[in-house]
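Novice: Provided below: my_file10.cif, containing mmCIF, C-alpha atoms.
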data_upload
#
loop_
_atom_site.group_PDB
_atom_site.id
_atom_site.type_symbol
_atom_site.label_atom_id
_atom_site.label_comp_id
_atom_site.auth_asym_id
_atom_site.auth_seq_id
_atom_site.Cartn_x
_atom_site.Cartn_y
_atom_site.Cartn_z
ATOM 1 C CA MET A 1 7.369 -22.458 14.454
ATOM 2 C CA ASP A 2 6.597 -20.523 17.619
ATOM 3 C CA SER A 3 6.839 -16.889 16.519
ATOM 4 C CA ALA A 4 8.026 -15.909 20.000
ATOM 5 C CA HIS A 5 11.421 -17.321 19.059
ATOM 6 C CA TYR A 6 12.176 -14.555 16.583
ATOM 7 C CA PHE A 7 11.176 -11.847 19.074
ATOM 8 C CA SER A 8 13.643 -13.258 21.620
ATOM 9 C CA ALA A 9 17.157 -11.877 22.002
ATOM 10 C CA GLU A 10 18.537 -15.376 22.488
ATOM 11 C CA PRO A 11 16.516 -18.124 20.782
ATOM 12 C CA VAL A 12 16.207 -21.389 22.683
ATOM 13 C CA GLY A 13 17.940 -24.417 21.201
ATOM 14 C CA PRO A 14 21.032 -24.996 19.078
ATOM 15 C CA GLU A 15 21.471 -23.139 15.820
ATOM 16 C CA HIS A 16 21.130 -25.060 12.569
ATOM 17 C CA ARG A 17 22.237 -23.000 9.599
ATOM 18 C CA ARG A 18 21.446 -23.673 5.972
ATOM 19 C CA ARG A 19 22.327 -22.003 2.710
ATOM 20 C CA LEU A 20 19.765 -20.673 0.244
ATOM 21 C CA GLU A 21 19.858 -19.063 -3.182
ATOM 22 C CA VAL A 22 17.658 -15.953 -3.319
ATOM 23 C CA SER A 23 17.147 -13.049 -5.694
ATOM 24 C CA LEU A 24 18.085 -9.641 -4.266
ATOM 25 C CA ALA A 25 18.624 -6.376 -6.140
ATOM 26 C CA GLY A 26 18.207 -8.143 -9.464
ATOM 27 C CA ARG A 27 20.807 -10.836 -8.894
ATOM 28 C CA THR A 28 20.951 -14.322 -7.443
ATOM 29 C CA VAL A 29 22.949 -14.494 -4.233
ATOM 30 C CA SER A 30 23.767 -17.161 -1.669
ATOM 31 C CA VAL A 31 22.727 -16.456 1.936
ATOM 32 C CA GLU A 32 22.521 -18.324 5.199
ATOM 33 C CA THR A 33 19.435 -18.649 7.393
ATOM 34 C CA ALA A 34 18.768 -20.672 10.546
ATOM 35 C CA ASN A 35 16.055 -22.001 12.809
ATOM 36 C CA HIS A 36 14.151 -19.815 15.282
ATOM 37 C CA ILE A 37 14.352 -16.614 13.251
ATOM 38 C CA PHE A 38 11.770 -14.914 11.060
ATOM 39 C CA SER A 39 11.282 -16.472 7.615
ATOM 40 C CA PRO A 40 14.074 -19.074 7.694
ATOM 41 C CA ASP A 41 12.896 -20.582 4.395
ATOM 42 C CA GLY A 42 13.707 -17.537 2.288
ATOM 43 C CA ILE A 43 12.203 -14.159 1.463
ATOM 44 C CA ASP A 44 8.790 -13.898 3.125
ATOM 45 C CA LYS A 45 5.744 -12.766 1.125
ATOM 46 C CA GLY A 46 5.556 -9.320 2.719
ATOM 47 C CA THR A 47 9.191 -8.480 2.060
ATOM 48 C CA ALA A 48 8.872 -9.806 -1.502
ATOM 49 C CA ALA A 49 5.798 -7.621 -2.050
ATOM 50 C CA MET A 50 7.666 -4.601 -0.757
ATOM 51 C CA LEU A 51 10.719 -5.230 -2.925
ATOM 52 C CA ARG A 52 8.491 -5.492 -6.010
ATOM 53 C CA THR A 53 6.724 -2.227 -5.196
ATOM 54 C CA VAL A 54 8.997 0.416 -3.694
ATOM 55 C CA PRO A 55 11.258 2.668 -5.789
ATOM 56 C CA GLU A 56 14.950 1.963 -6.113
ATOM 57 C CA PRO A 57 16.873 3.494 -3.205
ATOM 58 C CA PRO A 58 19.030 6.573 -3.829
ATOM 59 C CA ASP A 59 22.662 6.031 -4.766
ATOM 60 C CA SER A 60 23.869 7.305 -1.384
ATOM 61 C CA GLY A 61 22.652 8.416 2.019
ATOM 62 C CA THR A 62 21.975 6.924 5.433
ATOM 63 C CA PHE A 63 19.526 4.020 5.331
ATOM 64 C CA LEU A 64 17.844 1.927 8.038
ATOM 65 C CA ASP A 65 16.204 -1.510 8.073
ATOM 66 C CA ILE A 66 14.021 -1.975 11.178
ATOM 67 C CA GLY A 67 13.902 -5.652 12.181
ATOM 68 C CA CYS A 68 16.332 -6.913 9.586
ATOM 69 C CA GLY A 69 16.135 -10.670 10.264
ATOM 70 C CA TRP A 70 18.691 -12.522 8.163
ATOM 71 C CA GLY A 71 18.868 -9.460 5.949
ATOM 72 C CA PRO A 72 16.781 -9.385 2.744
ATOM 73 C CA LEU A 73 15.969 -5.662 2.954
ATOM 74 C CA ALA A 74 19.324 -4.534 4.350
ATOM 75 C CA LEU A 75 21.221 -6.634 1.796
ATOM 76 C CA THR A 76 19.103 -5.217 -1.023
ATOM 77 C CA LEU A 77 19.872 -1.685 0.144
ATOM 78 C CA GLY A 78 23.566 -2.491 0.396
ATOM 79 C CA LEU A 79 23.706 -4.126 -3.026
ATOM 80 C CA SER A 80 21.659 -1.404 -4.723
ATOM 81 C CA SER A 81 23.492 1.542 -3.172
ATOM 82 C CA PRO A 82 27.169 0.745 -2.508
ATOM 83 C CA ALA A 83 27.864 4.372 -1.527
ATOM 84 C CA ALA A 84 25.121 4.386 1.127
ATOM 85 C CA GLU A 85 25.598 3.743 4.839
ATOM 86 C CA VAL A 86 23.103 1.032 5.815
ATOM 87 C CA SER A 87 22.153 0.382 9.433
ATOM 88 C CA ALA A 88 20.143 -2.734 10.282
ATOM 89 C CA VAL A 89 18.548 -3.255 13.694
ATOM 90 C CA GLU A 90 17.479 -6.613 15.109
ATOM 91 C CA VAL A 91 16.608 -7.868 18.613
ATOM 92 C CA ASN A 92 17.240 -11.529 17.783
ATOM 93 C CA ASP A 93 20.973 -12.148 18.182
ATOM 94 C CA ARG A 94 20.907 -15.182 15.906
ATOM 95 C CA ALA A 95 19.229 -13.276 13.090
ATOM 96 C CA ALA A 96 21.528 -10.280 13.621
ATOM 97 C CA GLN A 97 24.623 -12.451 13.261
ATOM 98 C CA LEU A 98 23.223 -14.044 10.127
ATOM 99 C CA CYS A 99 22.684 -10.603 8.622
ATOM 100 C CA ARG A 100 26.268 -9.641 9.496
ATOM 101 C CA ASP A 101 27.631 -12.857 8.018
ATOM 102 C CA ASN A 102 25.523 -12.520 4.871
ATOM 103 C CA ALA A 103 26.706 -8.944 4.372
ATOM 104 C CA THR A 104 30.326 -10.011 4.820
ATOM 105 C CA ALA A 105 29.930 -12.924 2.407
ATOM 106 C CA LEU A 106 28.544 -10.549 -0.215
ATOM 107 C CA GLY A 107 31.339 -8.038 0.339
ATOM 108 C CA LEU A 108 28.982 -5.384 1.688
ATOM 109 C CA ALA A 109 31.142 -3.325 4.030
ATOM 110 C CA ASN A 110 28.490 -0.577 3.962
ATOM 111 C CA ILE A 111 26.094 -2.544 6.238
ATOM 112 C CA THR A 112 26.312 -2.417 10.035
ATOM 113 C CA VAL A 113 23.973 -4.537 12.173
ATOM 114 C CA TYR A 114 22.991 -3.263 15.603
ATOM 115 C CA ARG A 115 20.864 -4.207 18.545
ATOM 116 C CA PRO A 116 18.294 -1.396 18.872
ATOM 117 C CA ASP A 117 20.028 0.234 21.847
ATOM 118 C CA GLU A 118 23.386 0.323 20.041
ATOM 119 C CA VAL A 119 22.424 2.775 17.293
ATOM 120 C CA PRO A 120 24.011 6.185 17.973
ATOM 121 C CA THR A 121 21.294 8.432 19.377
ATOM 122 C CA ASP A 122 22.161 11.339 17.086
ATOM 123 C CA ARG A 123 21.961 9.347 13.843
ATOM 124 C CA THR A 124 19.190 10.175 11.410
ATOM 125 C CA PHE A 125 18.200 8.368 8.241
ATOM 126 C CA ASP A 126 17.352 9.453 4.717
ATOM 127 C CA LEU A 127 15.512 6.205 3.979
ATOM 128 C CA ILE A 128 13.877 3.577 6.166
ATOM 129 C CA TRP A 129 12.638 0.224 4.912
ATOM 130 C CA SER A 130 10.871 -2.199 7.215
ATOM 131 C CA ASN A 131 8.709 -5.258 7.365
ATOM 132 C CA PRO A 132 7.788 -4.521 11.000
ATOM 133 C CA PRO A 133 7.033 -7.345 13.457
ATOM 134 C CA ILE A 134 3.246 -7.069 13.479
ATOM 135 C CA ARG A 135 2.805 -10.229 15.578
ATOM 136 C CA VAL A 136 4.796 -8.763 18.475
ATOM 137 C CA GLY A 137 1.551 -7.068 19.558
ATOM 138 C CA LYS A 138 -0.002 -3.668 18.943
ATOM 139 C CA GLU A 139 1.548 -1.861 21.907
ATOM 140 C CA ALA A 140 5.059 -3.120 21.179
ATOM 141 C CA LEU A 141 4.665 -2.421 17.453
ATOM 142 C CA HIS A 142 3.560 1.135 18.113
ATOM 143 C CA SER A 143 6.543 1.638 20.412
ATOM 144 C CA ILE A 144 8.940 0.366 17.726
ATOM 145 C CA LEU A 145 7.512 2.655 15.047
ATOM 146 C CA LEU A 146 7.548 5.712 17.304
ATOM 147 C CA GLN A 147 11.127 4.922 18.273
ATOM 148 C CA TRP A 148 12.475 4.837 14.719
ATOM 149 C CA LEU A 149 10.266 6.839 12.354
ATOM 150 C CA PRO A 150 11.101 10.155 14.103
ATOM 151 C CA ARG A 151 14.741 9.390 13.226
ATOM 152 C CA LEU A 152 13.983 10.253 9.610
ATOM 153 C CA ALA A 153 16.037 13.220 8.470
ATOM 154 C CA PRO A 154 14.165 16.209 7.016
ATOM 155 C CA GLY A 155 13.158 15.171 3.514
ATOM 156 C CA GLY A 156 13.592 11.506 4.472
ATOM 157 C CA ARG A 157 11.147 8.764 3.578
ATOM 158 C CA ALA A 158 10.103 5.431 5.078
ATOM 159 C CA PHE A 159 8.355 2.466 3.515
ATOM 160 C CA LEU A 160 6.636 -0.172 5.667
ATOM 161 C CA VAL A 161 4.915 -3.342 4.497
ATOM 162 C CA VAL A 162 1.949 -4.611 6.502
ATOM 163 C CA GLN A 163 -0.411 -7.460 5.687
ATOM 164 C CA LYS A 164 -3.929 -6.199 5.054
ATOM 165 C CA ASN A 165 -5.604 -8.755 7.316
ATOM 166 C CA LEU A 166 -3.166 -7.999 10.161
ATOM 167 C CA GLY A 167 -4.273 -4.413 10.583
ATOM 168 C CA ALA A 168 -2.661 -2.380 7.815
ATOM 169 C CA ASP A 169 -5.732 -0.219 7.295
ATOM 170 C CA SER A 170 -6.033 0.661 10.985
ATOM 171 C CA LEU A 171 -2.294 1.205 11.386
ATOM 172 C CA LEU A 172 -2.200 4.054 8.875
ATOM 173 C CA PRO A 173 -4.642 6.414 10.648
ATOM 174 C CA TRP A 174 -3.028 5.579 13.995
ATOM 175 C CA LEU A 175 0.388 6.388 12.578
ATOM 176 C CA THR A 176 -0.832 9.677 11.101
ATOM 177 C CA ALA A 177 -2.381 10.755 14.406
ATOM 178 C CA ALA A 178 0.527 9.579 16.585
ATOM 179 C CA LEU A 179 3.163 11.376 14.529
ATOM 180 C CA GLN A 180 1.066 14.532 14.362
ATOM 181 C CA ASP A 181 0.542 14.445 18.113
ATOM 182 C CA ARG A 182 4.251 14.070 18.901
ATOM 183 C CA HIS A 183 5.727 16.025 15.984
ATOM 184 C CA PRO A 184 3.098 18.506 14.753
ATOM 185 C CA ASP A 185 3.266 19.243 11.027
ATOM 186 C CA GLU A 186 6.566 17.392 10.578
ATOM 187 C CA PHE A 187 5.357 14.112 9.028
ATOM 188 C CA THR A 188 2.881 12.804 6.506
ATOM 189 C CA ALA A 189 1.746 9.179 6.209
ATOM 190 C CA SER A 190 -0.056 7.599 3.269
ATOM 191 C CA ARG A 191 -0.638 4.346 1.445
ATOM 192 C CA PHE A 192 1.960 4.004 -1.289
ATOM 193 C CA GLY A 193 0.526 0.863 -2.852
ATOM 194 C CA THR A 194 -1.095 -2.547 -2.509
ATOM 195 C CA GLU A 195 0.524 -5.817 -3.542
ATOM 196 C CA LYS A 196 -1.071 -9.260 -3.114
ATOM 197 C CA GLY A 197 -2.800 -8.636 0.210
ATOM 198 C CA PHE A 198 -0.117 -6.336 1.597
ATOM 199 C CA ARG A 199 -0.207 -2.586 2.071
ATOM 200 C CA ILE A 200 2.912 -0.539 1.469
ATOM 201 C CA LEU A 201 2.793 2.496 3.761
ATOM 202 C CA GLN A 202 4.856 5.608 3.167
ATOM 203 C CA VAL A 203 5.980 8.095 5.819
ATOM 204 C CA ASP A 204 7.720 11.352 4.886
ATOM 205 C CA ARG A 205 9.429 13.905 7.090
ATOM 206 C CA ILE A 206 8.654 17.319 5.687
ATOM 207 C CA LEU A 207 11.619 19.252 4.384
ATOM 208 C CA THR A 208 11.325 22.734 5.822
ATOM 209 C CA ALA A 209 12.816 25.829 4.266
#
How would this structure read if it were set down as structure tokens?

Specialist:
Amino acid sequence: MDSAHYFSAEPVGPEHRRRLEVSLAGRTVSVETANHIFSPDGIDKGTAAMLRTVPEPPDSGTFLDIGCGWGPLALTLGLSSPAAEVSAVEVNDRAAQLCRDNATALGLANITVYRPDEVPTDRTFDLIWSNPPIRVGKEALHSILLQWLPRLAPGGRAFLVVQKNLGADSLLPWLTAALQDRHPDEFTASRFGTEKGFRILQVDRILTA
């Protein structure tokens, strides 16, 4: 599949949906995917690695999934933390609608899916999970991360999964320097773990007294 399709707001060609059984938040659930979105065949390897590695989300709070696709991370957050308010952002309208429909089918009224420019500008997040779109290109990726990571609330934490051979080890020092340059002494970035060729990166916003 041409990866450009899942970076497009409106994928070319008719939509063909299909139903899959996947495991999210420790249970088997039925979801819909479609052509011309990211990982239409199920949970991709990076997302699966992240879900095996990161801690359980808090019971409540404001959460964000950057680049939600059909919804594996956002749905996991919604299922794991029913009292949380989960925002999911996605540029691909087809994928965004799938995430909405999957949340509705699972009874997850705590998930709202947005285009990136629709998220209220004053909203901050206690937790961010993301499998960011590495293949969109370095400049665009950097722009995405610097758009959303500063939206962490004080004391908030982000986890990102990045494939090792797609630049995970160079992304971490860039991220550390970029956040320090724009927000001196407000953020720390580190490697949380490694799982089957993927790096799990952690970003924290320092909680000041």

Novice: What is the distance, in Å and to one decimal place, between CA of Cys99 (chain A) and CA of Val31 (chain A)?

Specialist: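 Taking CA of Cys99 (chain A) and CA of Val31 (chain A), their separation equals 8.9 Å.
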
Novice: Taking all listed atoms of region 71-80 of chain A, build the axis-aligned box, pad each of the six sides by 8 Å, then write its centre and edge lengths in Å to one decimal as JSON.

Specialist:
{"center_x": 19.8, "center_y": -5.4, "center_z": 0.6, "size_x": 23.7, "size_y": 24.1, "size_z": 26.7}

Novice: Do you know which residues the PyMOL selection byres ((chain A and resi 33-50) around 6) returns on this file, as an MDAnalysis selection string?

Specialist: chainID A and resid 5:6 16:18 32 51:54 95 195

Novice: Keeping C-alpha atoms for every residue in the selection just given, could you write it to a file as a tab-separated table (two decimals), in the frame of the given file?

Specialist:
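Below is the file that was written, result21.tsv:
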chain	number	residue	atom	x	y	z
A	5	HIS	CA	11.42	-17.32	19.06
A	6	TYR	CA	12.18	-14.56	16.58
A	16	HIS	CA	21.13	-25.06	12.57
A	17	ARG	CA	22.24	-23.00	9.60
A	18	ARG	CA	21.45	-23.67	5.97
A	32	GLU	CA	22.52	-18.32	5.20
A	51	LEU	CA	10.72	-5.23	-2.92
A	52	ARG	CA	8.49	-5.49	-6.01
A	53	THR	CA	6.72	-2.23	-5.20
A	54	VAL	CA	9.00	0.42	-3.69
A	95	ALA	CA	19.23	-13.28	13.09
A	195	GLU	CA	0.52	-5.82	-3.54

Novice: Translate the PyMOL selection byres ((chain A and resi 179-187) around 12) into a concrete residue list for this structure, as a PyMOL selection string.

Specialist: chain A and resi 142-143+145-158+171-178+188-190+202-208

Novice: Just to confirm, what's the straight-line distance from CA of Leu201 (chain A) to CA of Glu21 (chain A) in Å (one decimal)?

Specialist: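 Computing the Euclidean distance for CA of Leu201 (chain A) and CA of Glu21 (chain A) yields 28.4 Å.
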
Novice: Using all atoms listed in the file, which of A:Pro14, A:Leu127, A:Ala25, A:Gln97 sits nearest Pro58 (chain A)?

Specialist: A:Leu127

Novice: I'd like the interatomic distance between CA of Arg115 (chain A) and CA of Ala83 (chain A), to a tenth of an Å.

Specialist: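 Straight-line distance from CA of Arg115 (chain A) to CA of Ala83 (chain A) works out to 22.9 Å.
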
Novice: Which of these residues is nearest to Pro133 (chain A), using all atoms listed in the file: A:Val161, A:Leu98, A:Leu20, A:Ala84?

Specialist: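 Distance minimum relative to Pro133 (chain A) lands on A:Val161.
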